[in-house]
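Everything below belongs to start_7.txt, which stores compact mmCIF, C-alpha atoms.
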# COMPACT_ATOMS: atom_id res chain seq x y z
CA MET K 166 143.78 147.89 57.47
CA SER K 167 143.89 148.04 53.67
CA SER K 168 141.36 150.02 51.69
CA GLU K 169 139.86 146.78 50.39
CA GLU K 170 139.22 145.34 53.87
CA LYS K 171 135.88 145.98 55.50
CA PRO K 172 135.55 146.55 59.25
CA THR K 173 133.99 143.62 61.13
CA THR K 174 130.53 144.44 62.48
CA SER K 175 129.31 143.47 65.94
CA LYS K 176 126.91 140.95 64.40
CA GLU K 177 129.68 139.36 62.35
CA SER K 178 131.87 139.10 65.47
CA PHE K 179 129.05 137.45 67.33
CA ASP K 180 128.43 135.00 64.48
CA VAL K 181 132.10 134.03 64.47
CA PHE K 182 132.09 133.62 68.23
CA TYR K 183 128.88 131.58 68.08
CA GLU K 184 130.43 129.19 65.59
CA GLU K 185 133.47 128.83 67.83
CA VAL K 186 131.26 128.04 70.81
CA LYS K 187 129.45 125.45 68.71
CA GLU K 188 132.75 123.81 67.87
CA ILE K 189 133.75 123.74 71.54
CA GLU K 190 130.40 122.24 72.53
CA LYS K 191 130.69 119.68 69.75
CA ARG K 192 134.14 118.72 71.01
CA ASP K 193 132.97 118.49 74.64
CA SER K 194 129.94 116.45 73.65
CA VAL K 195 132.17 113.49 72.81
CA LEU K 196 133.83 113.31 76.21
CA THR K 197 134.62 109.82 77.46
CA SER K 198 132.43 108.07 80.00
CA SER K 199 134.66 109.00 82.92
CA GLN K 200 134.90 112.61 81.70
CA GLN K 201 131.12 112.89 81.43
CA ILE K 202 130.71 111.46 84.91
CA ASP K 203 133.27 113.96 86.22
CA ARG K 204 131.46 116.78 84.41
CA LEU K 205 128.09 115.88 85.93
CA LEU K 206 129.51 115.43 89.44
CA ARG K 207 132.05 118.27 89.45
CA PRO K 208 132.08 120.82 92.31
CA GLY K 209 129.02 123.04 91.98
CA SER K 210 127.27 120.43 89.82
CA THR K 211 124.08 120.68 91.90
CA TYR K 212 123.82 124.30 90.77
CA PHE K 213 124.70 123.67 87.11
CA ASN K 214 122.56 120.54 86.81
CA LEU K 215 119.39 122.50 87.55
CA ASN K 216 119.48 123.42 83.85
CA PRO K 217 118.51 120.31 81.82
CA PHE K 218 119.94 121.82 78.64
CA GLU K 219 123.27 122.22 80.41
CA VAL K 220 123.12 118.62 81.60
CA LEU K 221 122.56 117.29 78.07
CA GLN K 222 124.92 119.86 76.51
CA ILE K 223 122.39 121.05 73.96
CA GLU K 224 120.98 124.33 72.72
CA PRO K 225 117.48 125.24 73.94
CA GLU K 226 116.07 125.46 70.42
CA LEU K 227 117.02 121.86 69.58
CA PRO K 228 114.00 119.76 68.36
CA ILE K 229 112.66 117.15 70.74
CA ASP K 230 113.78 114.24 68.56
CA GLN K 231 117.35 115.53 68.66
CA ILE K 232 117.08 116.06 72.41
CA LYS K 233 116.00 112.43 72.78
CA LYS K 234 118.89 111.27 70.62
CA ARG K 235 121.36 113.20 72.76
CA TYR K 236 119.79 111.82 75.94
CA ARG K 237 120.24 108.25 74.70
CA GLN K 238 123.87 108.89 73.80
CA LEU K 239 124.70 110.24 77.23
CA SER K 240 122.65 107.68 79.16
CA ILE K 241 124.51 104.86 77.43
CA LEU K 242 127.83 106.61 78.00
CA VAL K 243 127.38 106.97 81.79
CA HIS K 244 125.29 103.84 82.41
CA PRO K 245 126.48 101.99 85.55
CA ASP K 246 126.72 98.72 83.61
CA LYS K 247 129.21 100.39 81.27
CA ASN K 248 131.26 101.78 84.15
CA GLN K 249 131.76 98.88 86.53
CA ASP K 250 134.94 100.40 87.94
CA ASP K 251 133.04 103.55 89.01
CA LYS K 252 129.53 102.20 89.37
CA GLU K 253 128.34 104.37 92.27
CA ARG K 254 129.29 107.67 90.62
CA ALA K 255 128.02 106.40 87.27
CA GLN K 256 124.63 105.70 88.87
CA LYS K 257 124.43 109.29 90.15
CA ALA K 258 125.38 110.66 86.73
CA PHE K 259 122.84 108.37 85.06
CA GLU K 260 120.09 109.67 87.37
CA ILE K 261 121.03 113.27 86.55
CA ILE K 262 120.77 112.51 82.81
CA ASN K 263 117.39 110.83 83.29
CA ARG K 264 116.04 113.71 85.36
CA ALA K 265 117.03 116.21 82.67
CA TRP K 266 115.30 114.13 80.00
CA LYS K 267 112.11 113.78 82.07
CA ILE K 268 111.95 117.56 82.30
CA LEU K 269 112.52 118.15 78.59
CA GLU K 270 110.31 115.39 77.20
CA ASN K 271 107.32 116.99 78.92
CA GLU K 272 106.00 119.91 76.87
CA VAL K 273 104.90 121.90 79.92
CA THR K 274 108.17 121.66 81.84
CA ARG K 275 110.23 122.13 78.68
CA LYS K 276 108.28 125.33 77.96
CA LYS K 277 109.09 126.58 81.48
CA CYS K 278 112.78 125.98 80.82
CA LEU K 279 112.59 127.83 77.49
CA ASP K 280 110.84 130.69 79.28
CA VAL K 281 113.81 130.88 81.64
CA TYR K 282 116.14 131.49 78.68
CA GLU K 283 113.80 134.13 77.27
CA GLU K 284 113.55 135.89 80.62
CA ALA K 285 117.33 135.71 81.06
CA LYS K 286 117.87 137.44 77.72
CA GLU K 287 115.29 140.12 78.54
CA ARG K 288 116.84 140.81 81.94
CA THR K 289 120.34 140.93 80.48
CA ASP K 290 119.24 143.33 77.74
CA HIS K 291 117.52 145.51 80.34
CA MET K 292 120.68 145.55 82.48
CA ILE K 293 122.76 146.55 79.45
CA ALA K 294 120.31 149.31 78.54
CA GLU K 295 120.52 150.67 82.11
CA LYS K 296 124.32 150.70 81.94
CA ARG K 297 124.23 152.62 78.66
CA ARG K 298 121.72 155.13 80.01
CA LYS K 299 123.94 155.76 83.01
CA ILE K 300 127.01 156.27 80.82
CA LYS K 301 125.12 158.67 78.56
CA LYS K 302 123.72 160.59 81.52
CA GLU K 303 127.24 161.06 82.89
CA ASN K 304 128.46 162.22 79.44
CA ARG K 305 130.99 159.43 79.25
CA PHE K 306 132.01 157.87 75.98
CA GLU K 307 132.92 154.28 76.64
CA THR K 308 131.81 150.78 75.88
CA ILE K 309 130.45 148.28 78.34
CA PRO K 310 131.80 144.73 78.83
CA GLU K 311 128.67 143.20 77.31
CA ASP K 312 129.45 144.89 73.99
CA ASP K 313 131.82 141.98 73.56
CA PRO K 314 129.67 139.10 72.18
CA ALA K 315 131.50 136.58 74.34
CA LYS K 316 130.78 138.55 77.50
CA TYR K 317 127.20 139.16 76.39
CA LYS K 318 126.65 135.42 75.97
CA HIS K 319 128.30 134.78 79.33
CA ALA K 320 126.03 137.36 80.99
CA ILE K 321 122.98 135.54 79.62
CA TYR K 322 124.43 132.22 80.76
CA VAL K 323 124.95 133.55 84.30
CA MET K 324 121.41 134.93 84.36
CA VAL K 325 120.01 131.58 83.16
CA MET K 326 121.78 129.80 86.01
CA LYS K 327 120.49 132.37 88.50
CA LEU K 328 116.91 131.98 87.30
CA PHE K 329 117.08 128.18 87.48
CA ALA K 330 118.47 128.50 91.01
CA ASP K 331 115.60 130.85 91.92
CA MET K 332 113.10 128.35 90.52
CA GLU K 333 114.63 125.56 92.58
CA ARG K 334 114.61 127.71 95.71
CA ARG K 335 110.92 128.51 95.23
CA ARG K 336 110.17 124.83 94.63
CA GLN K 337 111.94 123.87 97.85
CA GLN K 338 110.07 126.56 99.78
CA LEU K 339 106.74 125.33 98.39
CA ASP K 340 107.68 121.74 99.23
CA GLN K 341 108.61 122.75 102.76
CA ARG K 342 105.35 124.65 103.24
CA ASP K 343 103.44 121.70 101.81
CA GLN K 344 105.21 119.29 104.16
CA GLU K 345 104.54 121.55 107.15
CA GLU K 346 100.88 121.85 106.18
CA ARG K 347 100.54 118.09 105.74
CA LYS K 348 102.30 117.56 109.08
CA ARG K 349 99.96 120.04 110.79
CA LYS K 350 96.90 118.37 109.27
CA ARG K 351 98.16 114.93 110.27
CA GLU K 352 98.78 116.09 113.84
CA ALA K 353 95.24 117.49 113.95
CA GLU K 354 93.89 114.19 112.57
CA ILE K 355 95.83 112.20 115.18
CA GLU K 356 94.55 114.49 117.93
CA GLU K 357 90.97 114.02 116.71
CA GLU K 358 91.47 110.24 116.44
CA GLU K 359 92.78 110.16 120.02
CA ARG K 360 89.81 112.19 121.24
CA ILE K 361 87.32 109.88 119.48
CA LYS K 362 89.16 106.84 120.85
CA ALA K 363 89.05 108.26 124.38
CA ASP K 364 85.30 109.03 124.02
CA ARG K 365 84.60 105.50 122.80
CA GLU K 366 86.67 103.99 125.61
CA TRP K 367 84.79 106.08 128.18
CA GLN K 368 81.43 105.09 126.66
CA LYS K 369 82.46 101.42 126.63
CA ASN K 370 83.55 101.54 130.27
CA PHE K 371 80.39 103.40 131.15
CA GLU K 372 78.19 100.75 129.51
CA GLU K 373 80.17 97.87 131.02
CA SER K 374 79.88 99.36 134.50
CA ARG K 375 76.15 100.12 134.20
CA GLN K 376 75.00 96.78 135.61
CA SER K 377 77.58 97.00 138.36
CA ARG K 378 76.24 100.41 139.32
CA VAL K 379 72.66 99.09 139.26
CA ASN K 380 73.60 96.13 141.43
CA SER K 381 75.45 98.39 143.81
CA TRP K 382 72.38 100.62 144.06
CA HIS K 383 70.16 97.62 144.73
CA ASP K 384 72.57 96.35 147.35
CA PHE K 385 72.68 99.78 148.88
CA GLN K 386 68.88 99.99 149.00
CA ALA K 387 68.63 96.47 150.40
CA GLY K 388 71.23 97.33 153.01
CA LYS K 389 69.29 100.43 154.00
CA SER K 390 66.13 98.38 154.36
CA LYS K 391 67.79 95.74 156.53
CA LYS K 392 69.41 98.40 158.62
CA ALA K 393 66.12 100.18 159.11
CA LYS K 394 64.42 96.95 160.20
CA LYS K 395 67.25 96.14 162.55
CA GLN K 396 67.14 99.61 164.05
CA LYS K 397 63.39 99.29 164.53
CA ARG K 398 63.77 95.93 166.17
CA MET K 399 66.48 97.24 168.45
CA GLN K 400 64.32 100.17 169.37
CA GLY K 401 61.55 97.78 170.24
CA LEU K 402 63.76 95.83 172.61
CA MET K 403 64.91 98.96 174.29
CA VAL K 404 61.37 100.20 175.16
CA PRO K 405 60.73 99.66 178.92
CA PRO K 406 57.61 97.60 179.88
CA LYS K 407 54.55 99.51 180.96
CA PHE K 408 54.03 99.75 184.75
CA LYS K 409 50.90 97.92 185.98
CA PRO K 410 49.64 98.90 189.46
CA GLU K 411 48.98 96.03 191.96
CA SER K 412 45.40 95.22 192.56
CA ARG K 413 44.39 94.84 196.17
Translate the structure of the given file into structure tokens.
Amino acid sequence: MSSEEKPTTSKESFDVFYEEVKEIEKRDSVLTSSQQIDRLLRPGSTYFNLNPFEVLQIEPELPIDQIKKRYRQLSILVHPDKNQDDKERAQKAFEIINRAWKILENEVTRKKCLDVYEEAKERTDHMIAEKRRKIKKENRFETIPEDDPAKYKHAIYVMVMKLFADMERRRQQLDQRDQEERKRKREAEIEEEERIKADREWQKNFEESRQSRVNSWHDFQAGKSKKAKKQKRMQGLMVPPKFKPESR
């Protein structure tokens, strides 16, 4: 290094790297229709597509009007009508683009996504600080991988993906619990409906058979009366005549 050259600082290295990443993203953002469809449906896409910023290939701090512009560009690019030779896959890619836009156009859900990035940076910085404390405690003089701006950015990226995956896992767990609760309530409702139906059926049969029971009781009483009279008459026939002595 000549005496006139100045050493490159960590910040300057990061700025250079950031510009390079921007150029790469700019280049990738003009992928062809088939390339965009492949990108959105590549192996592991379910995991990557949880991040709507990743889906639209934009930075989190991008204004909403620019996000909308990017969404329109991609939605036109992967639209099934524009990809008749790969319509089924294009439809899936189109739905992924739409889902990402729905998340980001809503202020509440967009804020949650931005919070994920903020939390990812905080966790990454905390992890780096712990590594440095450990190195210092062991009296070692060495750098850590994340001192490299590229690896630092990658560490944040990995953490962002992890946090989005955690969010999705929690959402699925809540959905499952909600479905189980709704199923349990519905089963209880069906059981109650069956009980009420059975009670009504019993009451209906009871009312319909009331007259029959009354008639049966009357017939029974009438039968008892006839039987009693018959028994009395039979008893009367069976009584021997009284003996009358002969008169002389």
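What separates CA of Ser199 in chain K from CA of Val220 in chain K is a distance of 15.1 Å.
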Inset, instruction - May I have the protein, DNA and RNA residues with any atom at most 12 Å from the point (113.9, 114.1, 83.0), counting all atoms listed in the file, written as a count of residues only? - result: 28
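When all atoms listed in the file are used to measure the gap to Val323 in chain K, the shortest distance among K:His383, K:Asn248, K:Glu356, K:Phe213 belongs to K:Phe213.
Proximity to Asp331 in chain K was assessed for K:Ile293, K:Ile309, K:Val379, K:Val281 counting all atoms listed in the file; the smallest distance is recorded for K:Val281.
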Hey, could you pull the box centre and edge lengths for range 347-355 of chain K, axis-aligned, 5 Å padding per side, all listed atoms, to one decimal in Å, as AutoDock Vina command-line options?
--center_x 98.1 --center_y 116.1 --center_z 110.5 --size_x 18.4 --size_y 17.8 --size_z 19.4
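The interatomic distance for the pair CA of Asn380 in chain K and CA of Lys362 in chain K works out to 27.9 Å.
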Legend entry - K:Leu279, K:Gln337, K:Asn304, K:Met324 ranked by distance to Leu227 in chain K, top pick (using only C-alpha atoms): K:Leu279
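Taking CA of Pro225 in chain K and CA of Phe329 in chain K as endpoints, the distance between them is 13.9 Å.
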Inset, instruction - Kindly extract all protein, DNA and RNA residues lying within 12 Å of the coordinates (129.5, 102.4, 85.2) given in the file, considering all atoms listed in the file, and supply them as a PyMOL selection string. - result: chain K and resi 197-199+201-202+240-259
